[in-house]
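**Q** structure19.txt is reproduced in full below (compact mmCIF, C-alpha atoms).
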```
# COMPACT_ATOMS: atom_id res chain seq x y z
CA MET D 1 82.85 78.75 106.29
CA ASP D 2 80.79 81.93 106.55
CA ARG D 3 81.08 84.74 104.01
CA ILE D 4 81.76 88.36 104.90
CA ALA D 5 79.65 91.21 103.52
CA PRO D 6 81.61 93.49 101.18
CA GLU D 7 81.16 96.53 103.43
CA ASN D 8 83.01 94.66 106.18
CA TRP D 9 85.85 93.24 104.10
CA TYR D 10 88.35 96.09 104.58
CA GLN D 11 89.64 97.84 107.67
CA THR D 12 91.45 101.19 107.61
CA LYS D 13 93.69 102.77 110.23
CA LYS D 14 95.18 106.24 110.01
CA ILE D 15 98.80 106.37 111.08
CA ASP D 16 101.40 109.14 111.10
CA ASP D 17 102.59 111.25 108.15
CA ASP D 18 99.23 111.18 106.31
CA VAL D 19 99.62 107.45 105.76
CA THR D 20 96.61 105.14 106.10
CA HIS D 21 96.87 101.37 106.44
CA ILE D 22 94.20 99.39 104.60
CA CYS D 23 93.93 95.66 105.21
CA GLU D 24 91.78 92.63 104.54
CA PRO D 25 91.41 91.18 108.06
CA TYR D 26 89.74 87.94 107.02
CA ILE D 27 92.83 86.83 105.11
CA LYS D 28 95.28 85.02 107.39
CA GLU D 29 98.22 87.19 108.38
CA PHE D 30 100.90 85.38 106.35
CA TYR D 31 98.93 85.92 103.12
CA ARG D 32 97.49 89.34 103.97
CA CYS D 33 98.98 92.20 101.98
CA ASN D 34 99.41 95.62 103.53
CA ILE D 35 97.77 98.27 101.38
CA TRP D 36 99.18 101.76 101.99
CA HIS D 37 97.46 105.04 101.15
CA VAL D 38 99.50 108.26 101.23
CA ARG D 39 97.82 111.64 101.03
CA GLY D 40 99.57 114.33 98.99
CA SER D 41 98.74 117.97 98.28
CA GLN D 42 98.10 117.41 94.57
CA SER D 43 97.52 113.67 94.30
CA ASP D 44 97.54 110.55 96.43
CA LEU D 45 99.51 107.33 96.36
CA LEU D 46 98.34 103.75 96.80
CA VAL D 47 101.03 101.15 97.40
CA ASP D 48 99.55 97.77 96.40
CA SER D 49 95.84 96.94 96.25
CA GLY D 50 95.20 93.58 97.91
CA MET D 51 93.61 90.44 96.47
CA GLY D 52 90.81 92.13 94.56
CA VAL D 53 88.08 89.87 95.95
CA VAL D 54 86.14 93.00 97.00
CA SER D 55 86.34 96.33 95.16
CA LEU D 56 88.55 98.93 96.80
CA THR D 57 86.97 101.82 94.93
CA ASP D 58 83.44 100.73 95.89
CA TRP D 59 84.08 100.13 99.57
CA VAL D 60 87.07 102.25 100.68
CA SER D 61 86.20 105.89 100.12
CA ILE D 62 89.68 107.26 100.82
CA VAL D 63 91.00 105.85 97.53
CA THR D 64 88.49 107.83 95.46
CA GLU D 65 88.81 111.27 97.08
CA LYS D 66 91.62 112.52 94.85
CA ASP D 67 93.62 111.53 91.79
CA ILE D 68 95.65 108.52 92.83
CA ALA D 69 98.65 106.60 91.55
CA ALA D 70 98.34 102.89 92.28
CA VAL D 71 101.82 101.43 92.54
CA ALA D 72 102.55 97.72 92.22
CA SER D 73 105.43 96.89 94.53
CA HIS D 74 105.44 93.66 92.48
CA THR D 75 102.85 91.57 90.64
CA HIS D 76 101.87 88.71 92.95
CA PHE D 77 98.14 88.16 93.43
CA ASP D 78 97.90 89.57 96.94
CA HIS D 79 99.33 92.93 95.85
CA ILE D 80 97.62 93.78 92.54
CA GLY D 81 94.08 92.44 92.80
CA CYS D 82 92.41 95.85 92.50
CA HIS D 83 94.90 97.63 90.25
CA HIS D 84 92.54 97.29 87.29
CA GLU D 85 90.18 99.69 89.07
CA PHE D 86 92.58 102.64 88.82
CA LYS D 87 93.31 104.86 85.83
CA HIS D 88 96.90 105.58 86.86
CA CYS D 89 98.92 102.49 87.71
CA ILE D 90 102.68 102.26 88.11
CA VAL D 91 104.85 99.16 87.67
CA HIS D 92 108.51 98.42 87.06
CA SER D 93 109.38 97.50 83.48
CA ALA D 94 110.49 93.98 84.47
CA GLU D 95 106.94 93.09 85.51
CA ALA D 96 104.85 95.28 83.22
CA ASP D 97 103.77 92.32 81.12
CA LEU D 98 102.71 90.38 84.21
CA LEU D 99 100.45 93.25 85.28
CA ALA D 100 98.96 93.50 81.78
CA ASN D 101 98.62 89.75 81.23
CA PRO D 102 98.34 88.01 84.61
CA THR D 103 97.84 84.27 84.92
CA ARG D 104 97.14 82.16 87.97
CA GLU D 105 100.65 80.76 87.74
CA SER D 106 102.54 84.01 87.10
CA THR D 107 100.82 85.83 89.99
CA LEU D 108 101.31 82.89 92.42
CA VAL D 109 97.59 82.14 92.73
CA GLU D 110 98.92 78.66 92.08
CA PRO D 111 99.83 77.22 94.60
CA TYR D 112 98.85 79.67 97.36
CA VAL D 113 95.16 80.48 96.97
CA THR D 114 92.77 78.05 98.63
CA ASP D 115 89.94 78.53 101.11
CA ASP D 116 92.50 77.84 103.84
CA ILE D 117 94.09 81.29 103.47
CA PHE D 118 90.90 82.87 104.86
CA THR D 119 89.36 82.94 108.31
CA GLN D 120 86.06 83.90 106.67
CA LEU D 121 85.35 83.75 102.94
CA PRO D 122 84.92 86.78 100.68
CA PRO D 123 81.38 87.57 99.53
CA GLN D 124 79.83 85.75 96.61
CA PRO D 125 80.59 85.04 93.83
CA TYR D 126 84.18 84.42 95.02
CA VAL D 127 85.48 80.85 94.48
CA SER D 128 89.10 80.00 95.27
CA GLU D 129 89.36 77.44 92.47
CA THR D 130 88.57 80.02 89.78
CA TYR D 131 89.96 83.18 91.39
CA ALA D 132 92.32 85.14 89.11
CA VAL D 133 93.78 88.63 88.95
CA LYS D 134 92.19 90.87 86.32
CA LYS D 135 94.24 92.56 83.64
CA THR D 136 95.39 96.14 84.09
CA SER D 137 95.04 97.63 80.63
CA GLN D 138 97.43 100.57 80.95
CA ALA D 139 100.24 101.36 83.33
CA GLU D 140 103.08 103.81 83.65
CA ILE D 141 106.35 101.92 83.46
CA VAL D 142 109.10 103.09 85.80
CA GLU D 143 112.75 102.31 86.34
CA ASP D 144 115.14 102.76 89.22
CA GLY D 145 115.43 106.41 90.29
CA HIS D 146 112.03 107.54 89.01
CA VAL D 147 110.35 110.04 91.35
CA ILE D 148 106.63 109.89 92.11
CA ASP D 149 105.56 113.47 92.87
CA LEU D 150 102.45 114.08 94.98
CA GLY D 151 103.01 117.84 95.17
CA ASN D 152 104.29 118.22 98.71
CA ARG D 153 105.80 114.73 98.79
CA GLN D 154 108.21 112.89 96.53
CA PHE D 155 108.92 109.16 96.59
CA GLU D 156 111.94 107.70 94.84
CA VAL D 157 111.51 104.36 93.10
CA ILE D 158 114.20 101.91 94.18
CA HIS D 159 114.42 98.78 92.07
CA THR D 160 114.70 95.85 94.48
CA PRO D 161 114.82 92.58 92.51
CA GLY D 162 115.17 89.35 94.45
CA HIS D 163 111.71 88.35 95.64
CA SER D 164 110.63 89.04 92.06
CA PRO D 165 112.43 90.67 89.11
CA GLY D 166 110.42 93.89 89.07
CA GLY D 167 110.09 94.47 92.78
CA ILE D 168 110.30 98.10 93.84
CA ALA D 169 110.52 100.01 97.10
CA LEU D 170 109.50 103.65 97.54
CA PHE D 171 111.58 106.00 99.69
CA GLU D 172 110.73 109.51 100.85
CA HIS D 173 114.00 111.22 101.68
CA LYS D 174 112.60 114.05 103.80
CA THR D 175 110.75 111.73 106.21
CA GLY D 176 112.75 108.51 105.94
CA ILE D 177 109.61 106.53 105.11
CA LEU D 178 110.28 103.32 103.18
CA PHE D 179 107.59 101.22 101.52
CA SER D 180 109.53 98.00 101.04
CA GLY D 181 107.10 95.61 99.36
CA ASP D 182 107.83 91.91 99.85
CA LEU D 183 111.60 92.13 99.76
CA HIS D 184 111.82 93.26 103.39
CA TYR D 185 109.35 92.94 106.24
CA ASP D 186 109.27 91.65 109.82
CA GLY D 187 108.27 88.06 109.14
CA LEU D 188 109.17 84.99 107.12
CA LEU D 189 110.53 86.20 103.77
CA ILE D 190 109.62 84.34 100.59
CA GLU D 191 112.81 83.76 98.61
CA ASP D 192 111.84 80.78 96.46
CA THR D 193 109.18 81.92 94.00
CA TYR D 194 109.55 80.84 90.37
CA HIS D 195 111.25 84.15 89.53
CA SER D 196 113.18 84.85 92.74
CA ASN D 197 116.93 85.42 92.48
CA PRO D 198 119.22 84.89 95.53
CA SER D 199 122.03 87.12 94.27
CA ASP D 200 119.67 89.95 93.41
CA TYR D 201 117.99 89.53 96.80
CA GLN D 202 121.25 90.07 98.68
CA ASN D 203 122.21 93.09 96.57
CA SER D 204 118.79 94.67 97.09
CA MET D 205 118.94 94.13 100.84
CA LYS D 206 122.39 95.73 100.99
CA ARG D 207 121.02 98.72 99.13
CA LEU D 208 118.11 99.15 101.54
CA LEU D 209 120.50 98.92 104.48
CA GLU D 210 122.32 102.02 103.22
CA LEU D 211 119.19 104.20 103.22
CA PRO D 212 118.59 106.68 106.09
CA VAL D 213 115.35 104.95 107.04
CA ASN D 214 113.13 106.10 109.91
CA ILE D 215 110.18 103.75 109.45
CA VAL D 216 109.46 100.79 107.20
CA HIS D 217 105.98 99.95 105.93
CA GLY D 218 106.37 96.48 104.44
CA GLY D 219 104.22 94.35 102.19
CA HIS D 220 103.19 92.15 105.13
CA PHE D 221 103.11 92.26 108.92
CA ALA D 222 103.62 95.28 111.19
CA SER D 223 105.65 98.41 110.47
CA PHE D 224 108.94 98.98 112.29
CA GLY D 225 111.60 101.58 112.95
CA ALA D 226 115.19 102.22 111.99
CA ASP D 227 116.86 99.94 114.53
CA ARG D 228 114.67 96.98 113.63
CA HIS D 229 115.21 97.73 109.94
CA ARG D 230 118.97 97.50 110.28
CA SER D 231 118.83 94.48 112.58
CA LEU D 232 116.56 92.48 110.29
CA ILE D 233 118.70 93.09 107.23
CA ARG D 234 122.02 92.48 108.97
CA ASN D 235 120.78 89.23 110.51
CA TRP D 236 119.40 88.11 107.15
CA LEU D 237 122.67 88.92 105.38
CA ASP D 238 124.65 87.13 108.09
CA SER D 239 122.52 84.04 107.62
CA LYS D 240 123.48 83.94 103.95
CA ASN D 241 127.19 83.95 104.79
CA HIS D 242 127.07 80.85 106.98
```
Take the structure in this file and express it as structure tokens.

**A**
Amino acid sequence: MDRIAPENWYQTKKIDDDVTHICEPYIKEFYRCNIWHVRGSQSDLLVDSGMGVVSLTDWVSIVTEKDIAAVASHTHFDHIGCHHEFKHCIVHSAEADLLANPTRESTLVEPYVTDDIFTQLPPQPYVSETYAVKKTSQAEIVEDGHVIDLGNRQFEVIHTPGHSPGGIALFEHKTGILFSGDLHYDGLLIEDTYHSNPSDYQNSMKRLLELPVNIVHGGHFASFGADRHRSLIRNWLDSKNH
């Protein structure tokens, strides 16, 4: 399988509300994390950071233009690979230790990461068999209800355990934008990781359903609007009651 040059590894697409989508197109869609950049008046926000097989700060200039808070929606490998590159990282208390001391098992590198998750391989020296997430030495620990203030924008931290114990979503009340991580997206949900919890999952989904959402930017797959948001959650909840 051919390798991709680092300058070609990422793609960026500006969308509405000063939000930019950053992705790693050579990772197959099911495994490909959505990386979200939000521009604020005083600082910026990065929601997740991809696999870390190519440096974000070296090859995506938008993430270095202003002070930035790199949020971990949760600590699986595909979402925190570049967090160690940022001075200001944010993680929920339930997964702070996983961000600080990641292992191949705790971040789900085992069993997911093989060459088969790529359509083209990352640049050298990447090797799937030895790939691991690097430690993030310091992080701000947040709990439910914490507000991330970018100056002209404020995002509320919503603790959403279920997919993982420290999963968080971010909600901007004035726009109805929800960054939902891996709890909720328009695709096959993963509910059976080593630290998933079915009861927590249902409670978190019910909580998201109550929010006045306008658009959802999930951890995977395409974004969607309010009607799809409600439909996905209601259908999922209904499936658990049968």

**Q** Select all residues near (120.9, 95.1, 108.5) (cut-off 12 Å, inclusive, file coordinates), counting only C-alpha atoms, and output them as a list in words.

**A**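 Neighbouring residues, ordered by chain and number, come to His184, Tyr185, Gln202, Ser204, Met205, Lys206, Arg207, Leu208, Leu209, Glu210, Leu211, Val213, Ala226, Asp227, Arg228, His229, Arg230, Ser231, Leu232, Ile233, Arg234, Asn235, Trp236, Leu237, Asp238 and Ser239 of chain D.
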
**Q** Of the candidates D:Ala222, D:Ala5, D:Ile80, D:Leu45, which one gets nearest to Thr64 of chain D if we count all atoms listed in the file?

**A**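 When distances to Thr64 of chain D are compared using all atoms listed in the file, the smallest one comes from D:Leu45.
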
**Q** Which is closer to Phe77 of chain D than all the others in D:Gly167, D:Gly219, D:Pro125, D:Pro102, using all atoms listed in the file?

**A** D:Pro102

**Q** From the options D:Val38, D:Tyr31, D:Ala94, D:Ile215, which residue's atoms come nearest to Gly187 of chain D, counting only C-alpha atoms?

**A**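 Of the candidates, the smallest distance to Gly187 of chain D is held by D:Tyr31.
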
**Q** Report, in Å with one decimal, the straight-line distance from atom CA of Pro123 of chain D to atom CA of Leu46 of chain D.

**A**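 One can read the atom CA of Pro123 of chain D to atom CA of Leu46 of chain D distance as 23.6 Å.
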
**Q** Near Ser128 of chain D, within 12 Å and counting all atoms listed in the file, which residues show up once chain neighbours fewer than 5 positions away are dropped, as a list in words?

**A**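 Result of the neighbour search: Met51, Val53, Arg104, Val109, Glu110, Pro111, Tyr112, Val113, Thr114, Asp115, Asp116, Ile117, Phe118, Leu121, Pro122, Pro123 and Val133 of chain D.
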
**Q** Grab the atom CA of Val60 of chain D to atom CA of Ser43 of chain D distance for me, in Å with one decimal place.

**A**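 If I compute the distance from atom CA of Val60 of chain D to atom CA of Ser43 of chain D, I get 16.7 Å.
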
**Q** Could you name the residues that touch Val142 of chain D at 8 Å or less, counting all atoms listed in the file, but leaving out those on the same chain fewer than 3 positions away, as a JSON list (two decimals) with C-alpha atoms, in the frame of the given file?

**A**
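For reference, out02.json as written:
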```
[["chain", "number", "residue", "atom", "x", "y", "z"],
["D", 90, "ILE", "CA", 102.68, 102.26, 88.11],
["D", 91, "VAL", "CA", 104.85, 99.16, 87.67],
["D", 92, "HIS", "CA", 108.51, 98.42, 87.06],
["D", 93, "SER", "CA", 109.38, 97.50, 83.48],
["D", 146, "HIS", "CA", 112.03, 107.54, 89.01],
["D", 157, "VAL", "CA", 111.51, 104.36, 93.10]]
```

**Q** Please output segment 6-19 of chain D, rebuilt to include N, CA and C atoms, as an mmCIF file, in the frame of the given file.

**A**
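Result written to result_14.cif:
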```cif
data_model
loop_
_atom_site.group_PDB
_atom_site.id
_atom_site.type_symbol
_atom_site.label_atom_id
_atom_site.label_comp_id
_atom_site.auth_asym_id
_atom_site.auth_seq_id
_atom_site.Cartn_x
_atom_site.Cartn_y
_atom_site.Cartn_z
ATOM 1 N N PRO D 6 80.571 92.645 101.769
ATOM 2 C CA PRO D 6 81.610 93.490 101.180
ATOM 3 C C PRO D 6 81.929 94.740 101.988
ATOM 4 N N GLU D 7 80.918 95.306 102.651
ATOM 5 C CA GLU D 7 81.160 96.530 103.430
ATOM 6 C C GLU D 7 82.014 96.273 104.664
ATOM 7 N N ASN D 8 82.191 95.008 105.016
ATOM 8 C CA ASN D 8 83.010 94.660 106.180
ATOM 9 C C ASN D 8 84.359 94.049 105.813
ATOM 10 N N TRP D 9 84.649 93.965 104.525
ATOM 11 C CA TRP D 9 85.850 93.240 104.100
ATOM 12 C C TRP D 9 87.140 93.981 104.454
ATOM 13 N N TYR D 10 87.136 95.305 104.346
ATOM 14 C CA TYR D 10 88.350 96.090 104.580
ATOM 15 C C TYR D 10 88.302 96.784 105.944
ATOM 16 N N GLN D 11 89.476 96.993 106.506
ATOM 17 C CA GLN D 11 89.640 97.840 107.670
ATOM 18 C C GLN D 11 90.687 98.896 107.351
ATOM 19 N N THR D 12 90.478 100.111 107.836
ATOM 20 C CA THR D 12 91.450 101.190 107.610
ATOM 21 C C THR D 12 91.879 101.761 108.958
ATOM 22 N N LYS D 13 93.144 102.169 109.015
ATOM 23 C CA LYS D 13 93.690 102.770 110.230
ATOM 24 C C LYS D 13 94.634 103.889 109.838
ATOM 25 N N LYS D 14 94.320 105.092 110.276
ATOM 26 C CA LYS D 14 95.180 106.240 110.010
ATOM 27 C C LYS D 14 96.403 106.177 110.919
ATOM 28 N N ILE D 15 97.575 106.319 110.306
ATOM 29 C CA ILE D 15 98.800 106.370 111.080
ATOM 30 C C ILE D 15 99.507 107.688 110.777
ATOM 31 N N ASP D 16 100.725 107.845 111.227
ATOM 32 C CA ASP D 16 101.400 109.140 111.100
ATOM 33 C C ASP D 16 101.717 109.485 109.644
ATOM 34 N N ASP D 17 102.074 110.757 109.433
ATOM 35 C CA ASP D 17 102.590 111.250 108.150
ATOM 36 C C ASP D 17 101.582 111.118 107.012
ATOM 37 N N ASP D 18 100.278 111.273 107.331
ATOM 38 C CA ASP D 18 99.230 111.180 106.310
ATOM 39 C C ASP D 18 99.247 109.844 105.585
ATOM 40 N N VAL D 19 99.628 108.816 106.293
ATOM 41 C CA VAL D 19 99.620 107.450 105.760
ATOM 42 C C VAL D 19 98.466 106.693 106.418
#
```
